[in-house]
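K.L.:
If it helps, the file is called work-v3.pdb and holds PDB, C-alpha atoms and all ligand atoms:
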ATOM      1  CA  MET Q   1     -36.056 -37.159 -51.487
ATOM      2  CA  THR Q   2     -37.571 -33.885 -50.306
ATOM      3  CA  THR Q   3     -35.630 -30.727 -50.878
ATOM      4  CA  PHE Q   4     -35.096 -28.580 -47.793
ATOM      5  CA  ARG Q   5     -36.453 -25.054 -48.217
ATOM      6  CA  PRO Q   6     -35.330 -22.581 -45.595
ATOM      7  CA  GLU Q   7     -38.124 -20.971 -43.552
ATOM      8  CA  SER Q   8     -37.344 -17.558 -45.081
ATOM      9  CA  GLU Q   9     -38.160 -18.856 -48.572
ATOM     10  CA  ARG Q  10     -41.499 -20.206 -47.410
ATOM     11  CA  VAL Q  11     -42.419 -16.845 -45.856
ATOM     12  CA  LEU Q  12     -40.964 -14.383 -48.356
ATOM     13  CA  HIS Q  13     -42.469 -14.963 -51.779
ATOM     14  CA  THR Q  14     -41.000 -12.154 -53.860
ATOM     15  CA  ASP Q  15     -37.818 -10.124 -54.118
ATOM     16  CA  TYR Q  16     -39.833  -7.095 -53.004
ATOM     17  CA  GLN Q  17     -40.932  -8.914 -49.826
ATOM     18  CA  LYS Q  18     -37.305  -9.896 -49.212
ATOM     19  CA  SER Q  19     -36.290  -6.243 -49.510
ATOM     20  CA  VAL Q  20     -39.030  -5.148 -47.060
ATOM     21  CA  ALA Q  21     -37.925  -7.825 -44.590
ATOM     22  CA  ALA Q  22     -34.302  -6.709 -44.967
ATOM     23  CA  TYR Q  23     -35.348  -3.112 -44.251
ATOM     24  CA  TRP Q  24     -37.076  -4.012 -40.974
ATOM     25  CA  ASN Q  25     -34.332  -6.461 -39.977
ATOM     26  CA  ASN Q  26     -31.775  -3.716 -40.284
ATOM     27  CA  ASN Q  27     -33.564  -0.368 -40.327
ATOM     28  CA  PRO Q  28     -31.543   1.974 -42.554
ATOM     29  CA  ASN Q  29     -33.288   5.063 -41.175
ATOM     30  CA  ASP Q  30     -32.494   6.189 -37.648
ATOM     31  CA  ASP Q  31     -34.592   3.789 -35.579
ATOM     32  CA  ARG Q  32     -34.004   5.632 -32.305
ATOM     33  CA  VAL Q  33     -37.287   7.470 -32.914
ATOM     34  CA  ASN Q  34     -38.885   4.094 -32.156
ATOM     35  CA  THR Q  35     -36.532   2.551 -29.587
ATOM     36  CA  VAL Q  36     -36.101   5.638 -27.388
ATOM     37  CA  LEU Q  37     -39.881   6.173 -27.298
ATOM     38  CA  GLY Q  38     -40.416   2.472 -26.516
ATOM     39  CA  GLU Q  39     -38.061   2.715 -23.537
ATOM     40  CA  VAL Q  40     -40.476   5.139 -21.848
ATOM     41  CA  ASP Q  41     -42.703   2.283 -20.651
ATOM     42  CA  GLY Q  42     -41.730  -0.819 -22.642
ATOM     43  CA  LEU Q  43     -44.398  -0.494 -25.366
ATOM     44  CA  TYR Q  44     -42.538  -0.357 -28.687
ATOM     45  CA  HIS Q  45     -44.625   1.127 -31.505
ATOM     46  CA  HIS Q  46     -44.193   1.379 -35.275
ATOM     47  CA  HIS Q  47     -46.989   3.804 -35.965
ATOM     48  CA  TYR Q  48     -47.690   7.503 -35.549
ATOM     49  CA  GLY Q  49     -49.632   9.466 -32.975
ATOM     50  CA  ILE Q  50     -52.984  11.206 -32.694
ATOM     51  CA  GLY Q  51     -54.599  13.645 -30.320
ATOM     52  CA  GLU Q  52     -53.992  17.021 -28.767
ATOM     53  CA  PRO Q  53     -50.369  17.395 -27.665
ATOM     54  CA  ASP Q  54     -49.396  19.103 -24.451
ATOM     55  CA  LEU Q  55     -47.365  21.934 -25.977
ATOM     56  CA  SER Q  56     -46.009  22.944 -22.576
ATOM     57  CA  VAL Q  57     -43.350  20.249 -23.113
ATOM     58  CA  LEU Q  58     -41.648  22.721 -25.477
ATOM     59  CA  GLU Q  59     -41.344  25.290 -22.701
ATOM     60  CA  GLY Q  60     -39.344  25.191 -19.489
ATOM     61  CA  ALA Q  61     -35.919  23.737 -18.730
ATOM     62  CA  GLU Q  62     -33.920  23.214 -21.921
ATOM     63  CA  ASP Q  63     -31.798  20.340 -20.604
ATOM     64  CA  THR Q  64     -34.877  18.128 -20.146
ATOM     65  CA  ARG Q  65     -36.922  19.334 -23.161
ATOM     66  CA  GLN Q  66     -35.960  16.420 -25.405
ATOM     67  CA  GLU Q  67     -36.936  13.950 -22.712
ATOM     68  CA  ARG Q  68     -40.337  15.643 -22.300
ATOM     69  CA  LEU Q  69     -40.827  15.522 -26.093
ATOM     70  CA  VAL Q  70     -40.082  11.799 -26.187
ATOM     71  CA  ARG Q  71     -42.690  11.125 -23.504
ATOM     72  CA  GLU Q  72     -45.301  13.244 -25.246
ATOM     73  CA  LEU Q  73     -44.714  11.680 -28.697
ATOM     74  CA  HIS Q  74     -44.937   8.247 -27.096
ATOM     75  CA  ARG Q  75     -48.172   9.166 -25.309
ATOM     76  CA  LEU Q  76     -49.729  10.207 -28.658
ATOM     77  CA  GLU Q  77     -48.621   6.964 -30.342
ATOM     78  CA  THR Q  78     -50.148   4.915 -27.520
ATOM     79  CA  ALA Q  79     -53.333   6.990 -27.825
ATOM     80  CA  GLN Q  80     -53.510   6.042 -31.521
ATOM     81  CA  ALA Q  81     -53.349   2.322 -30.674
ATOM     82  CA  ASP Q  82     -56.030   2.805 -27.999
ATOM     83  CA  VAL Q  83     -58.370   4.319 -30.582
ATOM     84  CA  LEU Q  84     -57.707   1.430 -32.976
ATOM     85  CA  LEU Q  85     -58.428  -1.176 -30.291
ATOM     86  CA  GLY Q  86     -61.597   0.684 -29.316
ATOM     87  CA  GLN Q  87     -62.995  -0.157 -32.772
ATOM     88  CA  LEU Q  88     -62.719  -3.911 -32.250
ATOM     89  CA  GLY Q  89     -65.990  -4.099 -30.329
ATOM     90  CA  ASP Q  90     -66.838  -6.799 -27.843
ATOM     91  CA  VAL Q  91     -63.707  -8.950 -27.593
ATOM     92  CA  ARG Q  92     -63.787 -11.680 -24.919
ATOM     93  CA  PRO Q  93     -60.894 -13.452 -23.163
ATOM     94  CA  GLY Q  94     -61.732 -16.605 -25.162
ATOM     95  CA  ASP Q  95     -61.343 -14.769 -28.480
ATOM     96  CA  ARG Q  96     -58.311 -14.692 -30.694
ATOM     97  CA  LEU Q  97     -56.993 -11.569 -32.447
ATOM     98  CA  MET Q  98     -54.353 -11.143 -35.115
ATOM     99  CA  ASP Q  99     -52.049  -8.182 -35.721
ATOM    100  CA  GLY Q 100     -51.021  -8.052 -39.403
ATOM    101  CA  GLY Q 101     -47.505  -6.626 -39.474
ATOM    102  CA  SER Q 102     -46.938  -6.616 -35.726
ATOM    103  CA  GLY Q 103     -43.594  -4.791 -35.573
ATOM    104  CA  ARG Q 104     -42.076  -4.805 -32.099
ATOM    105  CA  GLY Q 105     -45.434  -5.787 -30.596
ATOM    106  CA  GLY Q 106     -46.733  -2.592 -28.934
ATOM    107  CA  THR Q 107     -50.344  -2.717 -30.137
ATOM    108  CA  SER Q 108     -50.575  -6.502 -29.531
ATOM    109  CA  PHE Q 109     -49.552  -6.171 -25.866
ATOM    110  CA  MET Q 110     -52.087  -3.392 -25.390
ATOM    111  CA  ALA Q 111     -54.821  -5.632 -26.888
ATOM    112  CA  ASN Q 112     -53.949  -8.526 -24.585
ATOM    113  CA  GLN Q 113     -53.979  -6.184 -21.562
ATOM    114  CA  ARG Q 114     -57.304  -4.663 -22.572
ATOM    115  CA  PHE Q 115     -59.240  -7.783 -23.581
ATOM    116  CA  GLY Q 116     -57.320 -10.641 -21.927
ATOM    117  CA  CYS Q 117     -57.564 -12.382 -25.297
ATOM    118  CA  ARG Q 118     -55.139 -14.590 -27.178
ATOM    119  CA  MET Q 119     -52.967 -12.559 -29.554
ATOM    120  CA  ASP Q 120     -51.046 -13.619 -32.624
ATOM    121  CA  GLY Q 121     -48.784 -11.092 -34.303
ATOM    122  CA  VAL Q 122     -47.311 -11.820 -37.718
ATOM    123  CA  THR Q 123     -44.317 -10.108 -39.289
ATOM    124  CA  ILE Q 124     -41.960 -10.876 -42.166
ATOM    125  CA  SER Q 125     -39.060  -9.516 -40.095
ATOM    126  CA  GLU Q 126     -37.382 -12.259 -38.065
ATOM    127  CA  TYR Q 127     -35.711  -9.544 -36.013
ATOM    128  CA  GLN Q 128     -39.080  -7.997 -35.097
ATOM    129  CA  ALA Q 129     -40.667 -11.359 -34.246
ATOM    130  CA  GLY Q 130     -37.700 -12.145 -31.975
ATOM    131  CA  PHE Q 131     -37.804  -8.726 -30.305
ATOM    132  CA  ALA Q 132     -41.559  -8.952 -29.656
ATOM    133  CA  ASN Q 133     -41.334 -12.544 -28.357
ATOM    134  CA  ASP Q 134     -38.587 -11.432 -25.939
ATOM    135  CA  GLN Q 135     -40.947  -8.709 -24.755
ATOM    136  CA  ALA Q 136     -43.706 -11.311 -24.269
ATOM    137  CA  ALA Q 137     -41.311 -13.405 -22.151
ATOM    138  CA  GLU Q 138     -40.364 -10.360 -20.050
ATOM    139  CA  ARG Q 139     -44.047  -9.645 -19.509
ATOM    140  CA  GLY Q 140     -44.786 -13.292 -18.661
ATOM    141  CA  VAL Q 141     -47.490 -13.589 -21.354
ATOM    142  CA  THR Q 142     -45.959 -16.078 -23.815
ATOM    143  CA  ASP Q 143     -48.944 -18.421 -23.337
ATOM    144  CA  ARG Q 144     -51.343 -15.705 -24.613
ATOM    145  CA  VAL Q 145     -49.254 -13.444 -26.879
ATOM    146  CA  GLN Q 146     -47.171 -14.923 -29.678
ATOM    147  CA  PHE Q 147     -45.331 -13.417 -32.603
ATOM    148  CA  HIS Q 148     -44.709 -15.399 -35.754
ATOM    149  CA  PHE Q 149     -42.308 -15.078 -38.646
ATOM    150  CA  LYS Q 150     -45.149 -15.291 -41.154
ATOM    151  CA  ASN Q 151     -46.493 -13.499 -44.196
ATOM    152  CA  MET Q 152     -49.837 -11.796 -43.541
ATOM    153  CA  LEU Q 153     -50.864 -12.615 -47.135
ATOM    154  CA  ASP Q 154     -50.573 -16.306 -46.381
ATOM    155  CA  THR Q 155     -50.533 -17.007 -42.640
ATOM    156  CA  GLY Q 156     -51.389 -20.689 -42.582
ATOM    157  CA  PHE Q 157     -53.712 -20.063 -39.603
ATOM    158  CA  GLU Q 158     -57.007 -21.934 -39.633
ATOM    159  CA  ALA Q 159     -59.991 -20.474 -41.531
ATOM    160  CA  GLY Q 160     -62.516 -18.703 -39.302
ATOM    161  CA  SER Q 161     -60.137 -18.735 -36.309
ATOM    162  CA  MET Q 162     -59.956 -14.966 -35.646
ATOM    163  CA  ARG Q 163     -62.520 -12.786 -33.891
ATOM    164  CA  GLY Q 164     -60.671  -9.667 -35.016
ATOM    165  CA  ILE Q 165     -57.743  -8.581 -37.144
ATOM    166  CA  TRP Q 166     -56.056  -5.227 -37.486
ATOM    167  CA  THR Q 167     -53.325  -3.632 -39.526
ATOM    168  CA  ASN Q 168     -51.680  -0.588 -38.003
ATOM    169  CA  GLU Q 169     -49.878   1.161 -40.892
ATOM    170  CA  THR Q 170     -48.754  -1.958 -42.713
ATOM    171  CA  THR Q 171     -51.076  -2.253 -45.734
ATOM    172  CA  MET Q 172     -48.857  -0.036 -47.916
ATOM    173  CA  TYR Q 173     -46.474  -2.977 -48.282
ATOM    174  CA  VAL Q 174     -48.934  -5.416 -49.872
ATOM    175  CA  ASP Q 175     -51.579  -5.941 -52.535
ATOM    176  CA  LEU Q 176     -54.895  -5.139 -50.841
ATOM    177  CA  PHE Q 177     -56.928  -7.722 -52.769
ATOM    178  CA  GLU Q 178     -54.568 -10.510 -51.688
ATOM    179  CA  LEU Q 179     -54.493  -9.200 -48.123
ATOM    180  CA  PHE Q 180     -58.235  -8.895 -47.648
ATOM    181  CA  ALA Q 181     -58.822 -12.315 -49.228
ATOM    182  CA  GLU Q 182     -56.614 -13.790 -46.500
ATOM    183  CA  PHE Q 183     -58.259 -11.725 -43.731
ATOM    184  CA  SER Q 184     -61.721 -12.704 -44.957
ATOM    185  CA  ARG Q 185     -60.656 -16.348 -44.800
ATOM    186  CA  LEU Q 186     -59.274 -15.955 -41.264
ATOM    187  CA  LEU Q 187     -62.171 -14.020 -39.726
ATOM    188  CA  GLU Q 188     -65.095 -15.816 -38.157
ATOM    189  CA  PRO Q 189     -68.531 -14.755 -39.516
ATOM    190  CA  GLY Q 190     -69.263 -11.321 -38.023
ATOM    191  CA  GLY Q 191     -65.574 -10.908 -37.159
ATOM    192  CA  ARG Q 192     -64.086  -7.447 -37.391
ATOM    193  CA  TYR Q 193     -61.192  -5.888 -39.272
ATOM    194  CA  VAL Q 194     -59.704  -2.507 -38.312
ATOM    195  CA  CYS Q 195     -57.238  -0.701 -40.543
ATOM    196  CA  ILE Q 196     -55.297   2.456 -39.800
ATOM    197  CA  THR Q 197     -53.391   3.597 -42.837
ATOM    198  CA  GLY Q 198     -51.984   6.490 -44.791
ATOM    199  CA  CYS Q 199     -53.556   6.620 -48.238
ATOM    200  CA  SER Q 200     -53.327   8.944 -51.211
ATOM    201  CA  ASN Q 201     -56.421  11.022 -51.833
ATOM    202  CA  ASP Q 202     -58.079  10.219 -55.178
ATOM    203  CA  VAL Q 203     -59.765  13.637 -55.138
ATOM    204  CA  PHE Q 204     -56.345  15.364 -55.293
ATOM    205  CA  GLY Q 205     -56.042  14.059 -58.861
ATOM    206  CA  ALA Q 206     -52.730  12.234 -58.932
ATOM    207  CA  ARG Q 207     -49.941  11.013 -56.703
ATOM    208  CA  SER Q 208     -48.124  13.982 -55.176
ATOM    209  CA  ALA Q 209     -44.364  14.422 -54.869
ATOM    210  CA  SER Q 210     -44.665  14.236 -51.070
ATOM    211  CA  VAL Q 211     -46.497  10.890 -51.197
ATOM    212  CA  SER Q 212     -43.732   9.566 -53.483
ATOM    213  CA  TRP Q 213     -41.146  10.883 -50.998
ATOM    214  CA  ILE Q 214     -42.816   8.935 -48.158
ATOM    215  CA  ASP Q 215     -42.843   5.788 -50.334
ATOM    216  CA  ALA Q 216     -39.148   6.232 -51.085
ATOM    217  CA  HIS Q 217     -38.296   6.832 -47.404
ATOM    218  CA  TYR Q 218     -39.894   3.566 -46.206
ATOM    219  CA  GLY Q 219     -39.749   1.486 -49.414
ATOM    220  CA  CYS Q 220     -43.526   1.122 -49.497
ATOM    221  CA  ASN Q 221     -46.308   1.687 -52.055
ATOM    222  CA  ILE Q 222     -49.047   3.891 -50.629
ATOM    223  CA  HIS Q 223     -52.452   2.960 -52.077
ATOM    224  CA  PRO Q 224     -55.184   5.361 -53.135
ATOM    225  CA  ARG Q 225     -58.149   5.615 -50.755
ATOM    226  CA  SER Q 226     -60.474   4.076 -53.378
ATOM    227  CA  GLU Q 227     -58.398   0.897 -53.540
ATOM    228  CA  TYR Q 228     -59.233   0.053 -49.912
ATOM    229  CA  PHE Q 229     -62.973   0.053 -50.482
ATOM    230  CA  LYS Q 230     -62.761  -1.910 -53.747
ATOM    231  CA  ALA Q 231     -60.648  -4.585 -52.096
ATOM    232  CA  LEU Q 232     -62.852  -4.763 -48.970
ATOM    233  CA  ALA Q 233     -66.029  -5.087 -51.065
ATOM    234  CA  ALA Q 234     -64.426  -7.794 -53.195
ATOM    235  CA  ASN Q 235     -63.787  -9.851 -50.058
ATOM    236  CA  ASN Q 236     -67.030  -9.732 -48.052
ATOM    237  CA  LEU Q 237     -65.666  -7.078 -45.688
ATOM    238  CA  VAL Q 238     -68.360  -4.444 -45.151
ATOM    239  CA  PRO Q 239     -67.294  -1.069 -43.698
ATOM    240  CA  VAL Q 240     -69.138  -0.038 -40.542
ATOM    241  CA  ALA Q 241     -67.141   3.139 -39.821
ATOM    242  CA  VAL Q 242     -64.623   5.299 -41.651
ATOM    243  CA  THR Q 243     -62.780   8.042 -39.763
ATOM    244  CA  ASP Q 244     -60.459  10.589 -41.277
ATOM    245  CA  LEU Q 245     -57.742  10.900 -38.613
ATOM    246  CA  THR Q 246     -55.748  13.463 -40.630
ATOM    247  CA  PRO Q 247     -56.622  16.481 -38.422
ATOM    248  CA  ALA Q 248     -55.841  14.404 -35.312
ATOM    249  CA  THR Q 249     -52.367  13.365 -36.495
ATOM    250  CA  ILE Q 250     -51.055  16.688 -37.864
ATOM    251  CA  PRO Q 251     -50.183  17.999 -34.346
ATOM    252  CA  TYR Q 252     -48.123  14.830 -33.710
ATOM    253  CA  TRP Q 253     -46.061  15.557 -36.822
ATOM    254  CA  GLU Q 254     -45.667  19.204 -35.871
ATOM    255  CA  LEU Q 255     -44.416  18.172 -32.442
ATOM    256  CA  ARG Q 256     -42.081  15.591 -33.969
ATOM    257  CA  THR Q 257     -40.271  18.348 -35.950
ATOM    258  CA  HIS Q 258     -39.038  19.686 -32.564
ATOM    259  CA  SER Q 259     -37.498  16.365 -31.541
ATOM    260  CA  GLU Q 260     -33.818  15.612 -32.031
ATOM    261  CA  LEU Q 261     -35.068  12.158 -33.100
ATOM    262  CA  ALA Q 262     -36.840  13.609 -36.176
ATOM    263  CA  THR Q 263     -35.896  11.635 -39.295
ATOM    264  CA  GLY Q 264     -36.706  14.085 -42.111
ATOM    265  CA  VAL Q 265     -39.925  12.341 -43.113
ATOM    266  CA  GLU Q 266     -41.862  14.910 -41.056
ATOM    267  CA  LYS Q 267     -41.713  17.351 -43.982
ATOM    268  CA  PRO Q 268     -43.487  15.239 -46.647
ATOM    269  CA  PHE Q 269     -46.073  14.089 -44.081
ATOM    270  CA  LEU Q 270     -46.946  17.655 -43.120
ATOM    271  CA  THR Q 271     -46.897  18.903 -46.727
ATOM    272  CA  SER Q 272     -49.068  16.100 -48.082
ATOM    273  CA  TYR Q 273     -51.584  16.237 -45.209
ATOM    274  CA  ARG Q 274     -51.880  20.026 -45.486
ATOM    275  CA  GLU Q 275     -52.217  20.085 -49.288
ATOM    276  CA  GLY Q 276     -54.774  17.254 -49.172
ATOM    277  CA  SER Q 277     -52.864  14.709 -51.260
ATOM    278  CA  PHE Q 278     -52.564  12.230 -48.383
ATOM    279  CA  GLN Q 279     -54.951  11.124 -45.633
ATOM    280  CA  TYR Q 280     -54.650   9.220 -42.363
ATOM    281  CA  LEU Q 281     -57.657   6.921 -42.342
ATOM    282  CA  MET Q 282     -59.214   4.433 -39.954
ATOM    283  CA  ILE Q 283     -61.548   1.893 -41.538
ATOM    284  CA  THR Q 284     -63.601  -0.611 -39.539
ATOM    285  CA  ALA Q 285     -65.257  -3.461 -41.429
ATOM    286  CA  ASP Q 286     -67.221  -6.602 -40.563
ATOM    287  CA  LYS Q 287     -66.879  -9.949 -42.252
ATOM    288  CA  VAL Q 288     -70.198 -11.097 -43.719
ATOM    289  CA  GLY Q 289     -70.967 -14.569 -44.935
ATOM    290  CA  ARG Q 290     -68.828 -17.608 -44.367
TER     291      ARG Q 290
HETATM  292  C1  LIG Q 301     -44.371   3.752 -39.163
HETATM  293  O1  LIG Q 301     -43.338   3.044 -38.718
HETATM  294  C2  LIG Q 301     -45.066   3.160 -40.333
HETATM  295  C3  LIG Q 301     -44.501   2.798 -41.516
HETATM  296  C4  LIG Q 301     -43.077   2.833 -41.739
HETATM  297  C5  LIG Q 301     -45.290   2.422 -42.682
HETATM  298  C6  LIG Q 301     -45.577   3.583 -43.587
HETATM  299  C7  LIG Q 301     -46.742   4.311 -43.045
HETATM  300  C8  LIG Q 301     -47.447   5.236 -43.728
HETATM  301  C9  LIG Q 301     -48.660   5.840 -43.089
HETATM  302  C10 LIG Q 301     -47.093   5.676 -45.077
HETATM  303  P1  LIG Q 301     -42.192   3.640 -37.796
HETATM  304  O2  LIG Q 301     -42.718   3.988 -36.457
HETATM  305  O3  LIG Q 301     -41.141   2.605 -37.877
HETATM  306  O4  LIG Q 301     -41.747   4.990 -38.536
HETATM  307  P2  LIG Q 301     -40.724   6.072 -37.930
HETATM  308  O5  LIG Q 301     -39.419   5.357 -37.759
HETATM  309  O6  LIG Q 301     -40.668   7.163 -38.958
HETATM  310  O7  LIG Q 301     -41.305   6.533 -36.632
HETATM  311 MG    MG Q 302     -42.177   5.516 -35.160
END
Here is the file; what I need is its structure written in the form of structure tokens.
P.N.:
Amino acid sequence: MTTFRPESERVLHTDYQKSVAAYWNNNPNDDRVNTVLGEVDGLYHHHYGIGEPDLSVLEGAEDTRQERLVRELHRLETAQADVLLGQLGDVRPGDRLMDGGSGRGGTSFMANQRFGCRMDGVTISEYQAGFANDQAAERGVTDRVQFHFKNMLDTGFEAGSMRGIWTNETTMYVDLFELFAEFSRLLEPGGRYVCITGCSNDVFGARSASVSWIDAHYGCNIHPRSEYFKALAANNLVPVAVTDLTPATIPYWELRTHSELATGVEKPFLTSYREGSFQYLMITADKVGR
């Protein structure tokens, strides 16, 4: 007789993973900063923004200021995803891409629109997978864009099946050596991995109070910068470009302090970026070997 194991037990391996899934299934922080921005044009993001803000949104009629701020914050978040996707190189409609920790699906829909490719998003939140699949149905793209209740450390997808993989601010929830072993397995030879992440700066000397505050706010474990390169090298993933996006994201956080949707996490982000204990990094790496 085989014992029935619920799907959630197959996907969530540890109590920590269960707690992360519970967080995203029932966000304890005010999630309106994500849903209200998503309502602007139907792209729901779970990442931050980059680029020069239009500060004129802070001026002019007071009764519509908050609405202007929402649009501007959303524009900067979409700009961040555009920059990430621009690193993926030559992606063809016949290629397949994977989004590791796909949230409500924003970046995945942008990738499908841009490349016409097949998209698989994986998330350990059943709520998020359901939300993103509903979005795919609304957009009429369920044949090309699918979201799965899966663990990015152990997806079960076929080896060598992905032309590209990205993680957009999700690596702070997992062990990087385990993660990159799985990505290296999934990528075809010459396939590309793009990572945008917040990492602690080894040069600062130790973990700062503000980095610990961010960890506590989201229930994550921010890795040092050095850890990324050790784990990539250990898994045949060779960096081709590294960009420090810290100066490009600080204005987003400054703007966010003016929004009524601000959650309080703006303060440790701005403190840690300004003091140099935390960095917003984009790493692009190619899979070598088989
Ligand atoms: C943003 O998600 C990303 C995370 C929660 C992971 C932590 C990222 C770091 C760089 C440390 P979100 O869009 O849900 O956050 P918020 O609700 O604050 O906008
Ligand atoms: Mg957000």
K.L.:
Using all atoms listed in the file, can you list as a PDB file with C-alpha atoms, in the coordinates of the input the residues within 10 Å of (-53.9, 3.9, -53.2)?
P.N.:
ATOM      1  CA  MET Q 172     -48.857  -0.036 -47.916  1.00  0.00           C
ATOM      2  CA  LEU Q 176     -54.895  -5.139 -50.841  1.00  0.00           C
ATOM      3  CA  GLY Q 198     -51.984   6.490 -44.791  1.00  0.00           C
ATOM      4  CA  CYS Q 199     -53.556   6.620 -48.238  1.00  0.00           C
ATOM      5  CA  SER Q 200     -53.327   8.944 -51.211  1.00  0.00           C
ATOM      6  CA  ASN Q 201     -56.421  11.022 -51.833  1.00  0.00           C
ATOM      7  CA  ASP Q 202     -58.079  10.219 -55.178  1.00  0.00           C
ATOM      8  CA  ARG Q 207     -49.941  11.013 -56.703  1.00  0.00           C
ATOM      9  CA  ASN Q 221     -46.308   1.687 -52.055  1.00  0.00           C
ATOM     10  CA  ILE Q 222     -49.047   3.891 -50.629  1.00  0.00           C
ATOM     11  CA  HIS Q 223     -52.452   2.960 -52.077  1.00  0.00           C
ATOM     12  CA  PRO Q 224     -55.184   5.361 -53.135  1.00  0.00           C
ATOM     13  CA  ARG Q 225     -58.149   5.615 -50.755  1.00  0.00           C
ATOM     14  CA  SER Q 226     -60.474   4.076 -53.378  1.00  0.00           C
ATOM     15  CA  GLU Q 227     -58.398   0.897 -53.540  1.00  0.00           C
ATOM     16  CA  TYR Q 228     -59.233   0.053 -49.912  1.00  0.00           C
ATOM     17  CA  PHE Q 278     -52.564  12.230 -48.383  1.00  0.00           C
TER      18      PHE Q 278
END
K.L.:
Can you list every residue of chain Q that has an atom at most 6 Å from ligand LIG 301 (chain Q), with its nearest atom pair and the distance in Å to one decimal, using all atoms listed in the file, ordered by chain then number, as a tab-separated table?
P.N.:
residue	atom	partner	partner_atom	distance
Q:Asp31	CA	Q:LIG301	O5	5.5
Q:Val33	CA	Q:LIG301	O7	5.6
Q:Asn34	CA	Q:LIG301	O7	5.6
Q:His46	CA	Q:LIG301	O2	3.2
Q:His47	CA	Q:LIG301	C1	4.1
Q:Glu169	CA	Q:LIG301	C7	4.9
Q:Thr170	CA	Q:LIG301	C5	5.6
Q:Thr197	CA	Q:LIG301	C9	5.2
Q:Gly198	CA	Q:LIG301	C9	3.8
Q:Tyr218	CA	Q:LIG301	C4	5.5
K.L.:
Take the residues from that selection and write them out as a CSV table (one decimal), keeping the file's coordinate frame, keeping C-alpha atoms.
P.N.:
chain,number,residue,atom,x,y,z
Q,31,ASP,CA,-34.6,3.8,-35.6
Q,33,VAL,CA,-37.3,7.5,-32.9
Q,34,ASN,CA,-38.9,4.1,-32.2
Q,46,HIS,CA,-44.2,1.4,-35.3
Q,47,HIS,CA,-47.0,3.8,-36.0
Q,169,GLU,CA,-49.9,1.2,-40.9
Q,170,THR,CA,-48.8,-2.0,-42.7
Q,197,THR,CA,-53.4,3.6,-42.8
Q,198,GLY,CA,-52.0,6.5,-44.8
Q,218,TYR,CA,-39.9,3.6,-46.2
K.L.:
The PyMOL selection byres (((chain Q and resi 156) around 12) and not hetatm) - which residues does that actually catch in the file I just gave you? List them as number ranges by chain.
P.N.:
Q: 10-11, 122, 148-155, 157-161, 182-183, 185-186
K.L.:
Residue by residue, what does the PyMOL selection byres (((chain Q and resi 246) around 8) and not hetatm) grab here? Present the result as a tab-separated table (two decimals) with C-alpha atoms, in the coordinates of the input.
P.N.:
chain	number	residue	atom	x	y	z
Q	244	ASP	CA	-60.46	10.59	-41.28
Q	245	LEU	CA	-57.74	10.90	-38.61
Q	247	PRO	CA	-56.62	16.48	-38.42
Q	248	ALA	CA	-55.84	14.40	-35.31
Q	249	THR	CA	-52.37	13.36	-36.49
Q	250	ILE	CA	-51.06	16.69	-37.86
Q	273	TYR	CA	-51.58	16.24	-45.21
Q	279	GLN	CA	-54.95	11.12	-45.63
Q	280	TYR	CA	-54.65	9.22	-42.36
Q	281	LEU	CA	-57.66	6.92	-42.34
K.L.:
Just give me the gap between atom CA of Q:Thr271 and atom CA of Q:Leu55 in Å, one decimal is fine.
P.N.:
21.0 Å
K.L.:
Can you tell me which residues surround Q:Ser102 at a distance of at most 9 Å, considering all atoms listed in the file, apart from same-chain residues fewer than 5 positions away, and format the answer as a PyMOL selection string?
P.N.:
chain Q and resi 46+107-108+120-123+128-129+132+147+167-168+170
K.L.:
Nearest to Q:Ser210 among Q:Pro251, Q:Gly264, Q:Gly89, Q:Gly116, with distances taken over all atoms listed in the file: which residue is it?
P.N.:
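The answer is Q:Gly264, which sits nearest to Q:Ser210.
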K.L.:
Just to confirm, what's the straight-line distance from atom CA of Q:Ala137 to atom CA of Q:Ala81 in Å (one decimal)?
P.N.:
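Between atom CA of Q:Ala137 and atom CA of Q:Ala81 the gap works out to 21.6 Å.
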K.L.:
Could you list as a ChimeraX atom specification every residue that has an atom within 12 Å of (-52.7, -22.6, -22.2), using the file's coordinates and counting only C-alpha atoms?
P.N.:
/Q:94,117-118,141-145
